[in-house]
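Reproduced below: upload.cif, with mmCIF, C-alpha atoms.
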```cif
data_entry
#
loop_
_atom_site.group_PDB
_atom_site.id
_atom_site.type_symbol
_atom_site.label_atom_id
_atom_site.label_comp_id
_atom_site.auth_asym_id
_atom_site.auth_seq_id
_atom_site.Cartn_x
_atom_site.Cartn_y
_atom_site.Cartn_z
ATOM 1 C CA MET A 11 113.719 125.856 126.187
ATOM 2 C CA LYS A 12 111.462 122.870 125.647
ATOM 3 C CA THR A 13 108.072 123.353 124.007
ATOM 4 C CA PRO A 14 105.202 122.606 126.428
ATOM 5 C CA LEU A 15 103.181 119.488 125.601
ATOM 6 C CA VAL A 16 99.737 120.864 124.814
ATOM 7 C CA PRO A 17 97.482 118.678 122.606
ATOM 8 C CA ALA A 18 96.228 120.590 119.575
ATOM 9 C CA GLU A 19 93.567 119.262 117.215
ATOM 10 C CA GLU A 20 95.031 121.045 114.180
ATOM 11 C CA ASP A 21 98.503 119.564 114.784
ATOM 12 C CA LEU A 22 99.017 116.399 112.688
ATOM 13 C CA ARG A 23 101.717 115.172 115.055
ATOM 14 C CA TRP A 24 99.240 115.128 117.922
ATOM 15 C CA GLU A 25 96.814 113.291 115.645
ATOM 16 C CA LEU A 26 99.467 110.635 115.096
ATOM 17 C CA VAL A 27 100.082 110.384 118.859
ATOM 18 C CA ARG A 28 96.339 110.029 119.488
ATOM 19 C CA ASN A 29 96.129 107.144 117.016
ATOM 20 C CA VAL A 30 99.162 105.342 118.439
ATOM 21 C CA LEU A 31 98.020 105.747 122.051
ATOM 22 C CA GLY A 32 94.554 104.544 121.076
ATOM 23 C CA ILE A 33 96.071 101.387 119.611
ATOM 24 C CA SER A 34 97.805 100.633 122.921
ATOM 25 C CA GLU A 35 94.422 100.381 124.651
ATOM 26 C CA GLN A 36 92.949 97.868 122.228
ATOM 27 C CA ARG A 37 92.173 94.376 123.455
ATOM 28 C CA GLU A 38 94.383 92.730 120.820
ATOM 29 C CA VAL A 39 97.385 94.746 121.990
ATOM 30 C CA ARG A 40 96.807 93.836 125.624
ATOM 31 C CA LYS A 41 96.635 90.165 124.624
ATOM 32 C CA ILE A 42 99.942 90.411 122.768
ATOM 33 C CA ALA A 43 101.656 92.094 125.718
ATOM 34 C CA SER A 44 100.228 89.480 128.088
ATOM 35 C CA LYS A 45 101.440 86.558 125.931
ATOM 36 C CA ILE A 46 104.947 87.987 125.805
ATOM 37 C CA GLY A 47 104.911 88.026 129.595
ATOM 38 C CA ILE A 48 104.959 91.770 130.218
ATOM 39 C CA LYS A 49 103.795 92.489 133.779
ATOM 40 C CA PRO A 50 102.182 94.408 135.429
ATOM 41 C CA LEU A 51 100.164 94.950 132.256
ATOM 42 C CA ASP A 52 98.290 98.179 133.026
ATOM 43 C CA ARG A 53 101.332 99.918 134.437
ATOM 44 C CA THR A 54 103.507 98.817 131.541
ATOM 45 C CA ILE A 55 101.025 100.201 129.004
ATOM 46 C CA THR A 56 101.116 103.502 130.895
ATOM 47 C CA VAL A 57 104.915 103.504 130.649
ATOM 48 C CA MET A 58 104.702 102.702 126.931
ATOM 49 C CA LYS A 59 102.479 105.747 126.416
ATOM 50 C CA ILE A 60 105.022 107.967 128.150
ATOM 51 C CA VAL A 61 107.836 106.555 126.008
ATOM 52 C CA ILE A 62 105.811 107.049 122.803
ATOM 53 C CA ILE A 63 105.200 110.716 123.645
ATOM 54 C CA SER A 64 108.889 111.129 124.473
ATOM 55 C CA MET A 65 109.850 109.651 121.096
ATOM 56 C CA CYS A 66 107.330 111.608 119.036
ATOM 57 C CA PHE A 67 108.325 114.992 120.442
ATOM 58 C CA GLY A 68 112.023 114.333 121.032
ATOM 59 C CA VAL A 69 111.943 115.152 124.760
ATOM 60 C CA ASP A 70 113.152 113.379 127.885
ATOM 61 C CA ILE A 71 110.911 110.962 129.755
ATOM 62 C CA THR A 72 111.270 113.109 132.884
ATOM 63 C CA PHE A 73 109.898 116.114 130.954
ATOM 64 C CA VAL A 74 106.863 114.106 129.774
ATOM 65 C CA ILE A 75 106.186 113.021 133.359
ATOM 66 C CA SER A 76 106.389 116.592 134.666
ATOM 67 C CA GLU A 77 104.011 117.791 131.912
ATOM 68 C CA LEU A 78 101.530 114.995 132.699
ATOM 69 C CA LYS A 79 101.551 115.872 136.387
ATOM 70 C CA ALA A 80 101.073 119.566 135.640
ATOM 71 C CA LYS A 81 98.407 119.426 132.894
ATOM 72 C CA ALA A 82 94.980 117.828 133.322
ATOM 73 C CA VAL A 83 94.285 118.257 129.585
ATOM 74 C CA LEU A 84 97.345 116.132 128.755
ATOM 75 C CA ARG A 85 96.281 113.426 131.213
ATOM 76 C CA GLU A 86 92.825 113.390 129.645
ATOM 77 C CA PHE A 87 94.272 113.203 126.121
ATOM 78 C CA THR A 88 96.632 110.326 126.921
ATOM 79 C CA GLY A 89 94.478 108.441 129.415
ATOM 80 C CA VAL A 90 97.354 108.519 131.901
ATOM 81 C CA TYR A 91 95.699 109.585 135.158
ATOM 82 C CA ASN A 92 97.982 107.864 137.657
ATOM 83 C CA VAL A 93 101.312 109.313 136.576
ATOM 84 C CA PRO A 94 104.371 107.253 137.632
ATOM 85 C CA ASP A 95 107.637 108.812 138.688
ATOM 86 C CA ALA A 96 110.762 108.527 136.557
ATOM 87 C CA LYS A 97 112.291 105.768 138.690
ATOM 88 C CA GLU A 98 109.270 103.524 138.143
ATOM 89 C CA VAL A 99 109.316 104.164 134.393
ATOM 90 C CA TYR A 100 112.999 103.270 134.069
ATOM 91 C CA ARG A 101 112.586 100.267 136.346
ATOM 92 C CA LEU A 102 109.815 98.833 134.169
ATOM 93 C CA LEU A 103 111.725 99.603 130.979
ATOM 94 C CA SER A 104 114.759 97.763 132.305
ATOM 95 C CA ARG A 105 112.688 94.546 132.304
ATOM 96 C CA PHE A 106 112.376 94.700 128.520
ATOM 97 C CA THR A 107 114.974 93.140 126.302
ATOM 98 C CA VAL A 108 115.392 94.665 122.864
ATOM 99 C CA GLU A 109 114.051 91.419 121.376
ATOM 100 C CA GLN A 110 110.904 91.575 123.530
ATOM 101 C CA PHE A 111 110.238 95.173 122.593
ATOM 102 C CA VAL A 112 110.717 94.632 118.849
ATOM 103 C CA ASP A 113 108.703 91.391 118.927
ATOM 104 C CA MET A 114 105.818 93.115 120.669
ATOM 105 C CA VAL A 115 105.808 96.099 118.309
ATOM 106 C CA LEU A 116 105.885 93.896 115.204
ATOM 107 C CA ARG A 117 103.023 91.769 116.474
ATOM 108 C CA VAL A 118 100.975 94.866 117.234
ATOM 109 C CA VAL A 119 101.707 96.382 113.815
ATOM 110 C CA ASN A 120 100.801 93.156 112.003
ATOM 111 C CA THR A 121 97.606 92.707 114.030
ATOM 112 C CA ILE A 122 96.316 96.269 113.859
ATOM 113 C CA CYS A 123 97.539 97.445 110.486
ATOM 114 C CA GLY A 124 97.206 94.313 108.400
ATOM 115 C CA LYS A 125 98.973 94.016 105.067
ATOM 116 C CA ARG A 126 100.364 97.056 103.318
ATOM 117 C CA LYS A 127 98.889 98.225 100.068
ATOM 118 C CA SER A 128 101.150 98.609 97.079
ATOM 119 C CA GLU A 129 102.653 101.849 95.797
ATOM 120 C CA LYS A 130 102.891 103.549 99.150
ATOM 121 C CA ILE A 131 105.335 106.078 100.559
ATOM 122 C CA MET A 132 107.231 105.211 103.724
ATOM 123 C CA ILE A 133 108.565 107.927 105.998
ATOM 124 C CA ILE A 134 111.435 107.452 108.427
ATOM 125 C CA GLY A 135 110.626 109.551 111.479
ATOM 126 C CA ASP A 136 113.218 111.394 113.530
ATOM 127 C CA THR A 137 115.796 108.967 114.849
ATOM 128 C CA THR A 138 115.807 108.982 118.646
ATOM 129 C CA ASN A 139 118.691 108.403 121.040
ATOM 130 C CA LEU A 140 117.519 106.344 124.023
ATOM 131 C CA THR A 141 119.441 106.357 127.291
ATOM 132 C CA VAL A 142 119.615 103.110 129.257
ATOM 133 C CA ASN A 143 118.938 103.451 132.983
ATOM 134 C CA ILE A 144 122.463 102.597 134.167
ATOM 135 C CA ASN A 145 124.198 104.526 136.924
ATOM 136 C CA TRP A 146 127.581 104.796 135.231
ATOM 137 C CA PHE A 147 128.699 107.394 137.751
ATOM 138 C CA LYS A 148 128.697 104.715 140.457
ATOM 139 C CA LYS A 149 130.424 102.082 138.332
ATOM 140 C CA LYS A 150 132.687 102.743 135.386
ATOM 141 C CA TYR A 151 131.709 100.936 132.181
ATOM 142 C CA THR A 152 134.234 100.450 129.401
ATOM 143 C CA LYS A 153 133.522 99.548 125.788
ATOM 144 C CA ALA A 154 134.649 96.015 126.593
ATOM 145 C CA ASP A 155 132.058 95.754 129.398
ATOM 146 C CA LEU A 156 129.289 96.486 126.863
ATOM 147 C CA LYS A 157 130.661 94.284 124.081
ATOM 148 C CA ASP A 158 127.803 91.745 124.189
ATOM 149 C CA LYS A 159 125.067 94.210 125.163
ATOM 150 C CA ASP A 160 122.339 95.768 123.014
ATOM 151 C CA TYR A 161 123.450 99.219 124.192
ATOM 152 C CA LYS A 162 126.794 100.994 123.781
ATOM 153 C CA TRP A 163 128.618 104.167 124.702
ATOM 154 C CA ALA A 164 127.502 107.066 122.513
ATOM 155 C CA TYR A 165 127.645 110.841 122.251
ATOM 156 C CA SER A 166 125.172 113.498 121.143
ATOM 157 C CA LYS A 167 125.224 117.289 121.320
ATOM 158 C CA SER A 168 122.058 117.365 123.443
ATOM 159 C CA LYS A 169 122.870 114.490 125.834
ATOM 160 C CA GLY A 170 126.660 114.498 125.902
ATOM 161 C CA TYR A 171 128.140 111.058 126.620
ATOM 162 C CA TYR A 172 125.603 108.360 127.485
ATOM 163 C CA ILE A 173 124.987 104.608 127.344
ATOM 164 C CA GLY A 174 122.101 103.663 125.125
ATOM 165 C CA MET A 175 120.816 102.928 121.642
ATOM 166 C CA LYS A 176 119.239 104.600 118.630
ATOM 167 C CA LEU A 177 115.613 103.991 117.723
ATOM 168 C CA VAL A 178 114.312 104.434 114.165
ATOM 169 C CA PHE A 179 110.559 104.701 113.542
ATOM 170 C CA ALA A 180 108.991 104.013 110.111
ATOM 171 C CA ILE A 181 105.411 104.935 109.183
ATOM 172 C CA GLU A 182 103.299 104.661 106.058
ATOM 173 C CA TYR A 183 101.957 107.695 104.201
ATOM 174 C CA PRO A 184 99.181 108.814 103.962
ATOM 175 C CA SER A 185 97.608 106.375 106.457
ATOM 176 C CA LEU A 186 100.210 107.206 109.193
ATOM 177 C CA LYS A 187 100.262 103.522 110.146
ATOM 178 C CA PRO A 188 103.354 102.520 112.146
ATOM 179 C CA LEU A 189 105.296 99.895 110.222
ATOM 180 C CA ALA A 190 108.527 99.209 112.074
ATOM 181 C CA PHE A 191 110.813 100.048 114.971
ATOM 182 C CA LEU A 192 114.508 99.443 114.358
ATOM 183 C CA VAL A 193 117.023 99.525 117.203
ATOM 184 C CA PHE A 194 120.767 100.167 116.767
ATOM 185 C CA PRO A 195 123.259 99.879 119.674
ATOM 186 C CA GLY A 196 124.939 103.114 120.711
ATOM 187 C CA GLY A 197 124.423 106.336 118.785
ATOM 188 C CA PRO A 198 125.485 105.751 115.173
ATOM 189 C CA SER A 199 125.015 108.720 112.846
ATOM 190 C CA ASP A 200 122.125 108.587 110.393
ATOM 191 C CA PRO A 201 124.368 108.169 107.297
ATOM 192 C CA GLN A 202 126.055 105.169 108.933
ATOM 193 C CA ILE A 203 122.808 103.197 109.242
ATOM 194 C CA PHE A 204 121.125 104.079 105.922
ATOM 195 C CA GLY A 205 122.000 100.739 104.314
ATOM 196 C CA GLU A 206 121.039 98.744 107.414
ATOM 197 C CA ILE A 207 117.658 100.477 107.609
ATOM 198 C CA VAL A 208 116.800 99.812 103.963
ATOM 199 C CA THR A 209 118.096 96.228 104.075
ATOM 200 C CA GLU A 210 116.090 95.389 107.189
ATOM 201 C CA LEU A 211 112.882 96.997 105.920
ATOM 202 C CA MET A 212 113.177 95.061 102.659
ATOM 203 C CA ARG A 213 114.018 91.834 104.506
ATOM 204 C CA ARG A 214 110.799 92.203 106.484
ATOM 205 C CA LYS A 215 108.959 92.944 103.198
ATOM 206 C CA ILE A 216 107.844 96.276 104.621
ATOM 207 C CA LEU A 217 109.629 98.239 101.901
ATOM 208 C CA ARG A 218 109.472 96.924 98.346
ATOM 209 C CA LYS A 219 111.260 97.750 95.109
ATOM 210 C CA GLY A 220 109.720 100.692 93.313
ATOM 211 C CA GLU A 221 108.439 102.292 96.509
ATOM 212 C CA SER A 222 109.553 105.612 97.962
ATOM 213 C CA LEU A 223 111.434 106.152 101.203
ATOM 214 C CA VAL A 224 111.376 109.647 102.717
ATOM 215 C CA LEU A 225 114.309 110.664 104.937
ATOM 216 C CA ASP A 226 115.503 113.998 106.292
ATOM 217 C CA GLN A 227 118.812 115.757 105.630
ATOM 218 C CA GLY A 228 120.523 113.767 108.356
ATOM 219 C CA PHE A 229 120.773 110.910 105.834
ATOM 220 C CA TYR A 230 122.063 113.146 103.029
ATOM 221 C CA ALA A 231 124.912 111.679 100.975
ATOM 222 C CA TYR A 232 125.300 111.260 97.208
ATOM 223 C CA ARG A 233 126.116 107.580 97.669
ATOM 224 C CA HIS A 234 122.744 106.999 99.364
ATOM 225 C CA TYR A 235 120.851 108.329 96.353
ATOM 226 C CA ILE A 236 122.904 106.065 94.090
ATOM 227 C CA GLU A 237 122.631 102.997 96.355
ATOM 228 C CA GLY A 238 118.895 103.486 96.770
ATOM 229 C CA LEU A 239 118.330 103.600 93.029
ATOM 230 C CA THR A 240 120.760 100.953 91.780
ATOM 231 C CA GLU A 241 121.241 98.498 94.663
ATOM 232 C CA TYR A 242 117.827 98.573 96.334
ATOM 233 C CA GLY A 243 115.586 99.662 93.459
ATOM 234 C CA ILE A 244 113.719 102.243 95.547
ATOM 235 C CA VAL A 245 113.171 105.988 95.217
ATOM 236 C CA PRO A 246 115.380 107.556 97.941
ATOM 237 C CA MET A 247 113.578 110.788 98.832
ATOM 238 C CA ILE A 248 116.334 112.268 100.986
ATOM 239 C CA PHE A 249 116.012 116.021 101.445
ATOM 240 C CA PRO A 250 118.839 117.581 99.408
ATOM 241 C CA ARG A 251 121.106 120.361 100.613
ATOM 242 C CA ILE A 252 121.505 123.740 98.933
ATOM 243 C CA ASN A 253 124.585 122.744 96.909
ATOM 244 C CA PHE A 254 123.045 119.465 95.653
ATOM 245 C CA LYS A 255 123.617 118.705 91.956
ATOM 246 C CA LEU A 256 121.371 116.170 90.245
ATOM 247 C CA GLU A 257 123.965 115.564 87.511
ATOM 248 C CA LYS A 258 126.406 114.261 90.100
ATOM 249 C CA VAL A 259 123.960 111.465 90.941
ATOM 250 C CA LEU A 260 122.986 110.637 87.374
ATOM 251 C CA ASN A 261 126.617 110.566 86.189
ATOM 252 C CA HIS A 262 127.443 107.916 88.780
ATOM 253 C CA ILE A 263 124.606 105.537 87.909
ATOM 254 C CA GLN A 264 126.695 102.583 86.804
ATOM 255 C CA LEU A 265 125.255 99.104 86.440
ATOM 256 C CA PRO A 266 127.407 96.126 87.476
ATOM 257 C CA LEU A 267 128.098 93.362 84.945
ATOM 258 C CA ASP A 268 125.900 90.870 86.781
ATOM 259 C CA PHE A 269 122.963 93.208 86.105
ATOM 260 C CA PHE A 270 123.031 91.863 82.542
ATOM 261 C CA ASN A 271 123.740 88.256 83.556
ATOM 262 C CA ASP A 272 120.135 87.209 83.059
ATOM 263 C CA LYS A 273 117.556 86.409 80.394
ATOM 264 C CA LEU A 274 117.050 89.206 77.875
ATOM 265 C CA SER A 275 113.418 89.664 78.921
ATOM 266 C CA ARG A 276 114.473 89.962 82.564
ATOM 267 C CA VAL A 277 117.220 92.486 81.736
ATOM 268 C CA LYS A 278 114.722 94.609 79.798
ATOM 269 C CA GLU A 279 112.346 94.462 82.763
ATOM 270 C CA LYS A 280 115.079 95.630 85.153
ATOM 271 C CA ILE A 281 116.018 98.473 82.808
ATOM 272 C CA ARG A 282 112.381 99.604 82.610
ATOM 273 C CA HIS A 283 112.188 99.523 86.412
ATOM 274 C CA LEU A 284 115.347 101.624 86.747
ATOM 275 C CA GLU A 285 114.077 104.129 84.184
ATOM 276 C CA SER A 286 110.791 104.359 86.084
ATOM 277 C CA ILE A 287 112.316 105.057 89.497
ATOM 278 C CA LEU A 288 114.872 107.446 87.951
ATOM 279 C CA ALA A 289 112.041 109.462 86.424
ATOM 280 C CA GLU A 290 110.245 109.550 89.781
ATOM 281 C CA PHE A 291 113.463 110.491 91.562
ATOM 282 C CA LYS A 292 114.143 113.399 89.183
ATOM 283 C CA GLN A 293 110.572 114.600 89.617
ATOM 284 C CA TYR A 294 111.031 114.512 93.400
ATOM 285 C CA ILE A 295 114.306 116.457 93.320
ATOM 286 C CA LEU A 296 112.747 119.157 91.161
ATOM 287 C CA ASN A 297 109.768 119.458 93.537
ATOM 288 C CA CYS A 298 111.303 118.464 96.889
ATOM 289 C CA GLU A 299 109.728 121.438 98.677
ATOM 290 C CA GLN A 300 106.326 119.794 98.200
ATOM 291 C CA LEU A 301 107.513 116.850 100.308
ATOM 292 C CA LYS A 302 108.084 118.891 103.456
ATOM 293 C CA PRO A 303 104.450 118.709 104.665
ATOM 294 C CA LYS A 304 104.620 114.899 104.497
ATOM 295 C CA ARG A 305 107.948 114.747 106.327
ATOM 296 C CA SER A 306 106.706 117.188 108.994
ATOM 297 C CA LEU A 307 104.129 114.614 110.117
ATOM 298 C CA THR A 308 106.897 112.790 111.986
#
```
Could you quickly redo this structure as structure tokens?
Amino acid sequence: MKTPLVPAEEDLRWELVRNVLGISEQREVRKIASKIGIKPLDRTITVMKIVIISMCFGVDITFVISELKAKAVLREFTGVYNVPDAKEVYRLLSRFTVEQFVDMVLRVVNTICGKRKSEKIMIIGDTTNLTVNINWFKKKYTKADLKDKDYKWAYSKSKGYYIGMKLVFAIEYPSLKPLAFLVFPGGPSDPQIFGEIVTELMRRKILRKGESLVLDQGFYAYRHYIEGLTEYGIVPMIFPRINFKLEKVLNHIQLPLDFFNDKLSRVKEKIRHLESILAEFKQYILNCEQLKPKRSLT
């Protein structure tokens, strides 16, 4: 049974939704959407709000629409008074390309949030499987048909088989500022895309060496702790499982030969950095329960 969507002031997730929806109404955001060529503007912003709520609470778009139609308090909270039907929402979404959506989000984030401050924690929110509005009952689609598309065949326990993509949402803690949306074709598992997520965030200079990245148990794997520390130089705060052994990570910290193929001063600097993030990582593992309130914000 799905949890009813009832805005609650004491719920930090609803606070996050309020902030994100408020951003969508700002003049700068409307200008960005207009420049990209998104029309009709007002209706598209309404659809974006519905999608954001769907993502934040992990529910279907049709469920959000039914809750909006049924609850005046939810319409007041979101500013969505003229609620569209599901067909209109999917029709408007089909006009977006993945590139347009990502471009718009990045422009909004850069305009509203400004530059990040140093020594921050980044949290990867729940990854979301998005279904593309394709009637694959009417026409059969093979993997070959979707070869050059941004969406692929996928499977999940909740949806079954579907055609779509996976959306990953990154926010900054404690400001709760949205930093990035990453889109992956199909429904790859979380462990499969760990490296791609970190690489892309660092390429965009959103995540920097020495910073902490919080991920849930869906990303759990010993190799991800090791890769995060040695290859990326970050503190991988992945929630450990019950049988996790810290020694198994530390015993596999091996530095490649090219690590030392540098000036002595630079090698010493890299060693100090590794020692620093290792100390922070060990402190996190010993006190990982304290991280749950931060992770629960997403």
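Going from atom CA of Val90 of chain A to atom CA of Glu35 of chain A covers 11.3 Å.
You will find atom CA of Glu221 of chain A at 22.5 Å from atom CA of Lys258 of chain A.
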Any idea what the distance is between atom CA of Lys97 of chain A and atom CA of Thr56 of chain A? 13.8 Å
Got a sec to resolve the PyMOL selection byres ((chain A and resi 219) around 12) on this structure and send the residues as number ranges by chain? A: 128-131, 208-209, 211-213, 215-218, 220-223, 238-246, 280, 283-284, 286-287
Can you tell me which residues surround Ala96 of chain A at a distance of at most 8 Å, considering all atoms listed in the file, apart from same-chain residues fewer than 2 positions away, and format the answer as a VMD selection string? chain A and resid 71 to 72 75 94 98 to 100
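Counting only C-alpha atoms, the residue from A:Met247, A:Ala231, A:Ala82, A:Leu267 that sits nearest to Ile133 of chain A is A:Met247.
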So that I can check the surroundings of Ile248 of chain A, please list as a ChimeraX atom specification every protein, DNA and RNA residue that reaches within 12 Å of it, counting all atoms listed in the file and ignoring chain neighbours fewer than 3 positions away. /A:132-134,200-201,204,222-236,238-239,244-245,251,254,291,294-295,298-299,301-302,305
Applied to this file, what does the PyMOL selection byres ((chain A and resi 12-25) around 9) return in terms of residues, put as a PDB file with C-alpha atoms, in the frame of the given file?
```
ATOM      1  CA  MET A  11     113.719 125.856 126.187  1.00  0.00           C
ATOM      2  CA  LEU A  26      99.467 110.635 115.096  1.00  0.00           C
ATOM      3  CA  VAL A  27     100.082 110.384 118.859  1.00  0.00           C
ATOM      4  CA  ARG A  28      96.339 110.029 119.488  1.00  0.00           C
ATOM      5  CA  ASN A  29      96.129 107.144 117.016  1.00  0.00           C
ATOM      6  CA  VAL A  30      99.162 105.342 118.439  1.00  0.00           C
ATOM      7  CA  CYS A  66     107.330 111.608 119.036  1.00  0.00           C
ATOM      8  CA  PHE A  67     108.325 114.992 120.442  1.00  0.00           C
ATOM      9  CA  VAL A  69     111.943 115.152 124.760  1.00  0.00           C
ATOM     10  CA  PHE A  73     109.898 116.114 130.954  1.00  0.00           C
ATOM     11  CA  VAL A  74     106.863 114.106 129.774  1.00  0.00           C
ATOM     12  CA  GLU A  77     104.011 117.791 131.912  1.00  0.00           C
ATOM     13  CA  LEU A  78     101.530 114.995 132.699  1.00  0.00           C
ATOM     14  CA  LYS A  81      98.407 119.426 132.894  1.00  0.00           C
ATOM     15  CA  VAL A  83      94.285 118.257 129.585  1.00  0.00           C
ATOM     16  CA  LEU A  84      97.345 116.132 128.755  1.00  0.00           C
ATOM     17  CA  PHE A  87      94.272 113.203 126.121  1.00  0.00           C
ATOM     18  CA  SER A 306     106.706 117.188 108.994  1.00  0.00           C
ATOM     19  CA  LEU A 307     104.129 114.614 110.117  1.00  0.00           C
ATOM     20  CA  THR A 308     106.897 112.790 111.986  1.00  0.00           C
TER      21      THR A 308
END
```
